[in-house]
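For reference, model36.cif (mmCIF, C-alpha atoms and all ligand atoms):
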data_structure
#
loop_
_atom_site.label_atom_id
_atom_site.label_comp_id
_atom_site.auth_asym_id
_atom_site.auth_seq_id
_atom_site.Cartn_x
_atom_site.Cartn_y
_atom_site.Cartn_z
CA MET D 5 -24.38 13.29 21.29
CA LEU D 6 -25.92 15.96 23.50
CA VAL D 7 -27.16 19.40 22.41
CA THR D 8 -27.84 22.01 25.07
CA ARG D 9 -30.87 24.27 24.85
CA SER D 10 -28.90 27.42 23.96
CA ALA D 11 -26.75 25.56 21.44
CA ALA D 12 -29.80 24.20 19.62
CA GLU D 13 -30.61 27.73 18.40
CA ARG D 14 -27.20 28.36 16.79
CA SER D 15 -26.55 27.99 13.06
CA HIS D 16 -23.28 26.07 13.52
CA THR D 17 -25.26 23.41 15.40
CA ARG D 18 -27.21 22.70 12.20
CA GLU D 19 -23.93 22.00 10.40
CA ILE D 20 -22.80 19.70 13.22
CA LEU D 21 -26.11 17.83 13.20
CA ALA D 22 -25.90 17.32 9.44
CA ARG D 23 -22.37 15.92 9.77
CA VAL D 24 -23.32 13.67 12.65
CA GLU D 25 -26.32 12.34 10.74
CA ALA D 26 -24.18 11.72 7.66
CA ALA D 27 -21.80 9.73 9.87
CA GLY D 28 -24.72 7.49 10.88
CA VAL D 29 -24.92 8.67 14.51
CA THR D 30 -28.52 8.40 15.69
CA ASP D 31 -28.06 8.83 19.45
CA VAL D 32 -28.68 12.60 19.69
CA THR D 33 -30.33 14.07 22.79
CA PHE D 34 -31.63 17.64 22.94
CA LEU D 35 -31.35 18.80 26.53
CA ARG D 36 -33.99 21.04 28.10
CA SER D 37 -31.38 23.22 29.77
CA ASP D 38 -27.73 24.21 29.36
CA ARG D 39 -26.58 21.77 32.01
CA ILE D 40 -24.88 18.65 30.63
CA SER D 41 -26.66 15.62 32.02
CA GLY D 42 -27.54 12.11 30.88
CA LEU D 43 -24.17 10.47 31.48
CA GLY D 44 -25.64 8.32 34.27
CA ARG D 45 -23.97 7.17 37.46
CA SER D 46 -21.07 4.77 37.23
CA ASP D 47 -17.63 4.02 38.59
CA GLU D 48 -14.63 6.11 37.57
CA ARG D 49 -13.50 3.91 34.64
CA ALA D 50 -17.00 3.61 33.18
CA ALA D 51 -17.61 7.35 33.66
CA TYR D 52 -14.34 8.06 31.80
CA ALA D 53 -15.32 5.77 28.91
CA ARG D 54 -18.80 7.27 28.58
CA ALA D 55 -17.51 10.83 28.78
CA LYS D 56 -14.81 10.21 26.15
CA ALA D 57 -17.49 8.80 23.82
CA THR D 58 -19.78 11.81 24.30
CA LEU D 59 -19.82 14.90 22.13
CA ALA D 60 -21.77 17.82 23.58
CA VAL D 61 -22.70 20.86 21.52
CA VAL D 62 -22.74 23.86 23.85
CA VAL D 63 -22.46 27.64 23.79
CA SER D 64 -18.97 28.58 24.99
CA PRO D 65 -18.67 29.96 28.52
CA PRO D 66 -17.74 33.67 28.75
CA SER D 67 -14.24 32.58 29.93
CA ALA D 68 -13.58 30.97 26.52
CA ARG D 69 -14.38 34.22 24.72
CA LYS D 70 -11.99 36.25 26.85
CA LEU D 71 -8.74 35.18 25.24
CA GLU D 72 -5.62 34.39 27.30
CA PRO D 73 -1.96 34.45 26.20
CA ILE D 74 -0.56 30.97 25.63
CA ALA D 75 3.24 30.94 25.77
CA PRO D 76 5.31 29.75 24.04
CA SER D 77 2.98 28.80 21.18
CA ALA D 78 0.90 31.89 20.50
CA ASP D 79 -0.28 35.32 21.52
CA TRP D 80 -3.78 34.06 22.24
CA ARG D 81 -5.62 30.84 22.95
CA LEU D 82 -8.68 30.51 20.71
CA ASP D 83 -10.92 27.60 21.73
CA LEU D 84 -13.25 26.03 19.17
CA ALA D 85 -13.95 23.12 21.52
CA ARG D 86 -12.84 21.74 24.85
CA GLY D 87 -11.96 18.06 25.22
CA CYS D 88 -10.89 15.29 22.86
CA PRO D 89 -12.14 11.76 22.24
CA ALA D 90 -8.64 10.22 21.90
CA HIS D 91 -6.91 8.36 24.75
CA CYS D 92 -3.34 9.63 25.11
CA GLN D 93 -1.99 8.41 28.44
CA TYR D 94 0.02 11.58 29.01
CA CYS D 95 -2.73 13.96 27.80
CA TYR D 96 -2.04 17.47 29.04
CA LEU D 97 -5.80 18.12 29.22
CA ALA D 98 -5.97 15.88 32.30
CA GLY D 99 -4.27 18.57 34.33
CA SER D 100 -6.04 21.56 32.87
CA LEU D 101 -9.69 20.53 32.44
CA GLY D 102 -11.72 19.38 35.42
CA GLY D 103 -14.65 16.95 35.45
CA PRO D 104 -15.52 14.08 33.13
CA PRO D 105 -13.65 14.34 29.79
CA ILE D 106 -16.64 15.03 27.54
CA THR D 107 -15.82 16.83 24.29
CA ARG D 108 -17.70 20.12 24.22
CA VAL D 109 -17.94 21.68 20.78
CA TYR D 110 -18.77 25.36 20.68
CA ALA D 111 -21.92 26.21 18.73
CA ASP D 112 -21.30 29.97 18.87
CA LEU D 113 -18.44 29.69 16.40
CA ASP D 114 -19.44 32.90 14.57
CA ASP D 115 -19.14 34.93 17.77
CA ILE D 116 -15.84 33.29 18.72
CA LEU D 117 -14.31 34.13 15.34
CA ALA D 118 -15.76 37.65 15.30
CA GLY D 119 -14.10 38.19 18.69
CA MET D 120 -10.61 37.84 17.18
CA ASP D 121 -10.61 41.41 15.83
CA ALA D 122 -10.28 42.88 19.32
CA TYR D 123 -6.99 41.01 19.90
CA VAL D 124 -5.19 41.75 16.65
CA GLY D 125 -2.06 43.80 17.34
CA GLN D 126 -2.36 43.16 21.10
CA GLY D 127 -0.16 40.06 21.36
CA THR D 128 2.64 39.78 23.91
CA VAL D 129 4.02 36.29 23.24
CA THR D 130 5.07 35.64 19.62
CA SER D 131 4.40 39.27 18.65
CA ALA D 132 6.98 40.37 21.23
CA ASP D 133 9.58 37.89 19.98
CA ALA D 134 11.77 39.39 17.23
CA ALA D 135 12.23 35.99 15.59
CA ARG D 136 8.48 35.36 15.42
CA ALA D 137 6.88 38.79 15.13
CA GLY D 138 6.58 38.26 11.36
CA GLU D 139 3.87 35.66 12.01
CA GLY D 140 1.44 38.46 12.93
CA THR D 141 -0.91 38.10 15.89
CA THR D 142 -1.07 34.38 16.56
CA PHE D 143 -4.12 32.41 17.73
CA GLU D 144 -3.70 28.82 18.94
CA ALA D 145 -6.75 26.58 18.43
CA SER D 146 -5.42 23.33 19.89
CA CYS D 147 -4.77 24.10 23.55
CA TYR D 148 -7.86 22.31 24.82
CA THR D 149 -8.72 19.95 21.97
CA ASP D 150 -7.43 18.27 18.83
CA PRO D 151 -9.41 20.31 16.29
CA LEU D 152 -8.73 17.99 13.33
CA GLY D 153 -9.60 14.90 15.39
CA ILE D 154 -13.17 16.13 15.86
CA GLU D 155 -13.41 17.93 12.50
CA PRO D 156 -15.49 15.22 10.74
CA MET D 157 -18.25 15.88 13.32
CA THR D 158 -17.84 19.64 13.70
CA GLY D 159 -16.53 21.43 10.62
CA SER D 160 -15.27 24.10 13.05
CA LEU D 161 -11.65 24.04 11.94
CA ALA D 162 -12.53 24.43 8.24
CA ALA D 163 -14.86 27.32 9.09
CA ALA D 164 -12.13 28.99 11.17
CA ILE D 165 -9.49 28.55 8.44
CA ALA D 166 -11.78 30.03 5.78
CA TYR D 167 -12.77 32.91 8.07
CA VAL D 168 -9.18 33.78 8.98
CA GLY D 169 -8.12 33.43 5.34
CA THR D 170 -10.75 35.84 4.01
CA HIS D 171 -11.60 38.24 6.85
CA SER D 172 -10.15 41.73 6.71
CA PHE D 173 -8.17 42.08 9.97
CA ALA D 174 -6.48 45.25 11.20
CA GLY D 175 -3.08 43.55 10.87
CA PRO D 176 -1.41 40.24 9.98
CA VAL D 177 -2.87 37.19 11.73
CA GLN D 178 -1.97 33.52 12.01
CA LEU D 179 -4.31 30.75 13.14
CA ARG D 180 -2.46 27.75 14.57
CA ALA D 181 -3.54 24.18 15.15
CA THR D 182 -1.70 20.99 15.99
CA THR D 183 -3.06 17.49 15.55
CA LYS D 184 -2.49 13.78 15.93
CA PHE D 185 -4.77 13.08 12.98
CA GLY D 186 -4.28 13.10 9.23
CA ALA D 187 -7.67 13.44 7.47
CA VAL D 188 -7.00 16.77 5.78
CA ASP D 189 -8.84 16.40 2.46
CA ALA D 190 -11.63 18.81 3.46
CA LEU D 191 -9.04 21.49 4.28
CA LEU D 192 -6.97 21.39 1.12
CA ASP D 193 -9.08 23.68 -1.08
CA LEU D 194 -10.07 26.21 1.56
CA PRO D 195 -9.18 29.90 1.04
CA HIS D 196 -6.53 29.71 3.79
CA ASN D 197 -4.46 32.51 2.25
CA GLY D 198 -1.37 31.20 4.06
CA ARG D 199 -2.77 32.44 7.37
CA THR D 200 -3.18 29.06 9.09
CA ARG D 201 -0.20 26.97 10.17
CA ILE D 202 -1.12 23.37 10.89
CA ARG D 203 1.38 21.21 12.71
CA ALA D 204 1.43 17.46 13.05
CA SER D 205 2.03 16.31 16.62
CA VAL D 206 4.57 13.54 16.12
CA ASN D 207 6.60 11.16 18.21
CA ALA D 208 8.81 8.11 18.22
CA ASP D 209 6.99 4.83 17.53
CA ALA D 210 7.75 3.61 21.05
CA VAL D 211 5.85 6.58 22.49
CA ALA D 212 3.04 6.96 19.93
CA GLY D 213 2.36 3.22 19.60
CA ARG D 214 2.15 2.70 23.33
CA PHE D 215 0.59 5.87 24.72
CA GLU D 216 -1.54 7.55 22.01
CA GLY D 217 -4.73 5.47 21.84
CA GLY D 218 -7.39 6.47 19.34
CA THR D 219 -5.16 8.71 17.23
CA ASP D 220 -3.94 8.26 13.65
CA PRO D 221 -0.71 6.32 12.97
CA MET D 222 2.40 8.44 12.31
CA PRO D 223 2.52 7.81 8.52
CA VAL D 224 -1.09 9.07 8.23
CA ARG D 225 -0.30 12.25 10.21
CA LEU D 226 2.80 12.93 8.10
CA ALA D 227 0.99 12.24 4.82
CA GLY D 228 -1.70 14.73 5.90
CA LEU D 229 0.93 17.32 6.70
CA GLY D 230 2.61 16.77 3.33
CA ALA D 231 -0.72 17.27 1.54
CA LEU D 232 -1.33 20.52 3.44
CA ALA D 233 2.15 21.79 2.56
CA ARG D 234 1.53 21.01 -1.12
CA SER D 235 -1.72 23.02 -0.85
CA GLY D 236 0.26 26.05 0.23
CA TYR D 237 -0.32 25.88 3.97
CA PRO D 238 2.55 26.80 6.25
CA VAL D 239 3.08 23.62 8.28
CA GLY D 240 4.99 22.41 11.30
CA LEU D 241 6.07 19.52 13.45
CA THR D 242 5.19 19.53 17.12
CA ILE D 243 7.55 16.90 18.49
CA ALA D 244 5.84 16.11 21.77
CA PRO D 245 6.11 14.83 24.34
CA ILE D 246 9.78 13.96 23.83
CA MET D 247 10.82 11.05 26.07
CA PRO D 248 14.23 9.41 26.41
CA VAL D 249 12.76 5.93 25.90
CA ASP D 250 15.05 2.95 25.16
CA GLY D 251 16.64 3.49 21.76
CA TRP D 252 15.45 7.09 21.59
CA VAL D 253 18.23 8.22 19.23
CA GLU D 254 17.30 5.62 16.60
CA GLN D 255 13.59 6.14 17.20
CA TYR D 256 13.65 9.92 16.80
CA SER D 257 16.11 9.65 13.88
CA ALA D 258 13.58 7.45 12.08
CA LEU D 259 10.82 9.94 12.87
CA LEU D 260 12.74 12.90 11.44
CA ASP D 261 13.67 10.87 8.34
CA ALA D 262 10.01 9.97 7.82
CA ALA D 263 9.00 13.63 8.21
CA ALA D 264 11.62 14.75 5.69
CA ALA D 265 10.38 12.14 3.21
CA ALA D 266 6.72 13.16 3.61
CA LEU D 267 7.21 16.91 3.15
CA PRO D 268 7.95 18.81 -0.05
CA THR D 269 11.42 20.39 0.04
CA ASN D 270 9.96 23.90 -0.36
CA ALA D 271 7.54 23.58 2.61
CA ASP D 272 7.29 26.56 4.97
CA LEU D 273 8.15 24.38 7.96
CA THR D 274 8.56 25.08 11.67
CA VAL D 275 9.47 22.74 14.52
CA GLU D 276 8.38 22.92 18.16
CA CYS D 277 9.96 20.59 20.72
CA ILE D 278 8.21 19.82 24.00
CA THR D 279 9.70 17.38 26.51
CA HIS D 280 7.45 15.27 28.71
CA ARG D 281 6.33 16.86 31.94
CA PHE D 282 3.55 16.34 34.45
CA THR D 283 2.05 17.97 37.52
CA PRO D 284 0.86 16.32 40.73
CA GLY D 285 -2.72 16.97 39.52
CA SER D 286 -2.27 15.55 36.02
CA LYS D 287 -0.47 12.48 37.42
CA GLU D 288 -3.38 11.75 39.74
CA VAL D 289 -6.02 12.13 37.02
CA LEU D 290 -4.03 10.13 34.44
CA GLU D 291 -3.36 7.30 36.87
CA SER D 292 -7.08 7.07 37.62
CA TRP D 293 -7.94 7.01 33.91
CA TYR D 294 -5.10 4.63 32.93
CA PRO D 295 -4.33 2.60 36.08
CA ARG D 296 -2.02 0.16 34.24
CA THR D 297 -0.09 2.80 32.33
CA LYS D 298 3.63 2.22 31.76
CA LEU D 299 4.17 5.95 31.41
CA GLU D 300 7.03 7.12 33.65
CA MET D 301 5.64 9.73 36.06
CA ASP D 302 8.07 9.31 38.94
CA PRO D 303 8.73 12.62 40.77
CA ASP D 304 12.00 11.17 42.13
CA ARG D 305 13.40 10.91 38.59
CA ARG D 306 12.49 14.48 37.73
CA SER D 307 13.44 18.06 38.49
CA ARG D 308 10.89 20.45 39.88
CA LYS D 309 10.02 23.55 37.91
CA TYR D 310 7.87 26.24 39.51
CA GLY D 311 5.29 28.25 37.56
CA LYS D 312 4.17 31.84 38.05
CA PHE D 313 1.83 31.04 40.94
CA GLY D 314 4.11 28.49 42.62
CA ALA D 315 2.56 25.47 40.85
CA VAL D 316 5.06 22.63 40.45
CA LYS D 317 5.83 20.78 37.21
CA TYR D 318 8.05 17.70 36.99
CA VAL D 319 10.50 17.89 34.08
CA TYR D 320 13.60 15.91 33.12
CA PRO D 321 16.75 16.74 35.10
CA ALA D 322 19.07 19.35 33.56
CA ALA D 323 21.71 16.89 32.27
CA GLU D 324 19.11 14.69 30.53
CA MET D 325 17.41 17.78 29.13
CA ARG D 326 20.72 19.08 27.76
CA GLU D 327 21.50 15.77 26.10
CA LEU D 328 18.10 15.62 24.43
CA ARG D 329 18.22 19.24 23.32
CA THR D 330 21.70 19.02 21.84
CA TRP D 331 20.80 15.87 19.95
CA PHE D 332 17.58 17.35 18.53
CA GLU D 333 19.27 20.60 17.48
CA ASN D 334 21.93 18.70 15.53
CA ALA D 335 19.53 16.13 14.10
CA LEU D 336 17.09 18.81 12.92
CA THR D 337 19.85 20.81 11.23
CA GLU D 338 20.99 17.67 9.47
CA ARG D 339 17.66 16.14 8.50
CA LEU D 340 15.33 19.14 8.08
CA PRO D 341 17.77 21.95 7.25
CA THR D 342 15.14 24.43 6.06
CA ALA D 343 12.93 24.05 9.15
CA ARG D 344 12.73 26.96 11.56
CA SER D 345 12.83 25.94 15.25
CA LEU D 346 10.34 27.97 17.29
CA TYR D 347 11.10 26.79 20.83
CA TRP D 348 12.34 23.99 23.05
CA THR D 349 10.65 23.41 26.35
S1 LIG S 401 -4.98 13.87 20.82
FE1 LIG S 401 -4.15 15.53 22.16
S2 LIG S 401 -5.95 16.35 23.23
FE2 LIG S 401 -6.52 14.33 22.39
S3 LIG S 401 -6.16 12.83 24.05
FE3 LIG S 401 -4.28 12.94 22.77
S4 LIG S 401 -2.99 14.49 23.76
FE4 LIG S 401 -5.06 14.75 24.59
#
Just dump the structure as structure tokens.
Amino acid sequence: MLVTRSAAERSHTREILARVEAAGVTDVTFLRSDRISGLGRSDERAAYARAKATLAVVVSPPSARKLEPIAPSADWRLDLARGCPAHCQYCYLAGSLGGPPITRVYADLDDILAGMDAYVGQGTVTSADAARAGEGTTFEASCYTDPLGIEPMTGSLAAAIAYVGTHSFAGPVQLRATTKFGAVDALLDLPHNGRTRIRASVNADAVAGRFEGGTDPMPVRLAGLGALARSGYPVGLTIAPIMPVDGWVEQYSALLDAAAAALPTNADLTVECITHRFTPGSKEVLESWYPRTKLEMDPDRRSRKYGKFGAVKYVYPAAEMRELRTWFENALTERLPTARSLYWT
């Protein structure tokens, strides 16, 4: 673990150090500056492995404190950290974060949370959507990390949930997080006040078992979600990335059945569906990290979708997309009839 000079002075760093010590980690280096160093020189694979195994405690850059809209999930992206120690072969972070994939935890958590006030009532994504405006101003904490995956070392998610649950905001607010992990015990008794919606990121066994290294198995994620729902949290399923793998109908049917069995019938439940996509940049990074991956990233089998600034994304062709979408809409109505679908993308 690395601690930058500025981060060493912050109170949240003391909490992180206590957690790290309790976990038996002794390799902690206090850097003399704010520049991350000490990863050594090595080839690309070794550099990846070292970076993924490194947690750095840093003060967030000014860009992280200036919040950006994050459609379609939330009005604002609220970063508690940047990076994730898991090894998902399709990880969307590969295309959005440059450099070695170190996990940087933000030590200035108090300032980050205090900054939320300025954005309440200013949302233009979910706040502008009649079907979702009732959620209040929404803040998504899992765009650049898996906040529950690193929670045992950071405590940042629990602190954010308690803050959002008890702080007096100028209007209704919802904190959002999605995770491929299931260790929720430390969250169950927090004063969440129904203001945090946690979603389990779930998938068919053929996708999760093959491509989601270092994450919790599906039954553990679903059990965690069930426990959160029974503790009064609004919860959700992020079904992502959806892939038409061999036997996908049976595979996703089994997933939805398992979710229905794990959740109490009165859960406040939402569903978000995200099909697999990639960019030329993410494909290049992922293929360098996982050179033997069996993940299909063949531009010739995809349709091109252009973003605001002309950036290309490869998505499934329209007919395949329609087939998947129709099946999921029917299957969700049948298997999780009380769930509210937020979006399909
Ligand atoms: S858990 Fe999420 S953030 Fe972490 S490697 Fe997997 S996809 Fe990426």
Exercise: Thr274 of chain D partners within 9 Å, only C-alpha atoms, chain neighbours under 4 positions left out, as a list in words = Arg203, Pro238, Val239, Gly240, Leu241, Thr242, Thr342, Ala343, Arg344, Ser345 and Leu346 of chain D
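Closest approach to ligand LIG 401 (chain S) from the set D:Glu216, D:Asp189, D:Glu338, D:Asp302 is made by D:Glu216, with distances taken over all atoms listed in the file.
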Could you please extract the residues within 7 Å of ligand LIG 401 (chain S), counting only C-alpha atoms and all ligand atoms, and hand them back as number ranges by chain?
-> D: 87-92, 94-97, 148-150, 183-184, 216, 219
Rounded to one decimal in Å, what is the spacing between atom CA of Gly217 of chain D and atom CA of Pro248 of chain D?
-> 19.9 Å
Best match for closeness to Trp252 of chain D among D:Ile202, D:Ala187, D:Ala208, D:Ala231, counting only C-alpha atoms =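 For Trp252 of chain D, the nearest of the candidates is D:Ala208.
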Hey, can you check how far atom CA of Cys277 of chain D sits from atom CA of Phe332 of chain D?
-> 8.6 Å
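Excluding Glu155 of chain D and any residue on its chain fewer than 4 positions from it, the residues at most 10 Å away by only C-alpha atoms are D:Ile20, D:Arg23, D:Asp150, D:Pro151, D:Gly159, D:Ser160, D:Leu161, D:Ala162, D:Phe185, D:Ala187, D:Val188, D:Ala190, D:Leu191.
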For those residues, write C-alpha atoms to a file as a PDB file, in the frame of the given file.
ATOM      1  CA  ILE D  20     -22.800  19.700  13.220  1.00  0.00           C
ATOM      2  CA  ARG D  23     -22.370  15.920   9.770  1.00  0.00           C
ATOM      3  CA  ASP D 150      -7.430  18.270  18.830  1.00  0.00           C
ATOM      4  CA  PRO D 151      -9.410  20.310  16.290  1.00  0.00           C
ATOM      5  CA  GLY D 159     -16.530  21.430  10.620  1.00  0.00           C
ATOM      6  CA  SER D 160     -15.270  24.100  13.050  1.00  0.00           C
ATOM      7  CA  LEU D 161     -11.650  24.040  11.940  1.00  0.00           C
ATOM      8  CA  ALA D 162     -12.530  24.430   8.240  1.00  0.00           C
ATOM      9  CA  PHE D 185      -4.770  13.080  12.980  1.00  0.00           C
ATOM     10  CA  ALA D 187      -7.670  13.440   7.470  1.00  0.00           C
ATOM     11  CA  VAL D 188      -7.000  16.770   5.780  1.00  0.00           C
ATOM     12  CA  ALA D 190     -11.630  18.810   3.460  1.00  0.00           C
ATOM     13  CA  LEU D 191      -9.040  21.490   4.280  1.00  0.00           C
TER      14      LEU D 191
END
Within 10 Å of (2.4, 14.7, 26.1), in the coordinates the file gives, what residues turn up when you count only C-alpha atoms, written out as a PyMOL selection string?
-> chain D and resi 92-97+205+207+211-212+215-216+243-247+278-282
Extending 3 Å beyond the listed atoms of segment 308-318 of chain D on each side, what axis-aligned box results? I want centre and edge lengths in Å to one decimal, as AutoDock Vina command-line options.
--center_x 6.4 --center_y 24.8 --center_z 39.8 --size_x 15.1 --size_y 20.1 --size_z 11.6
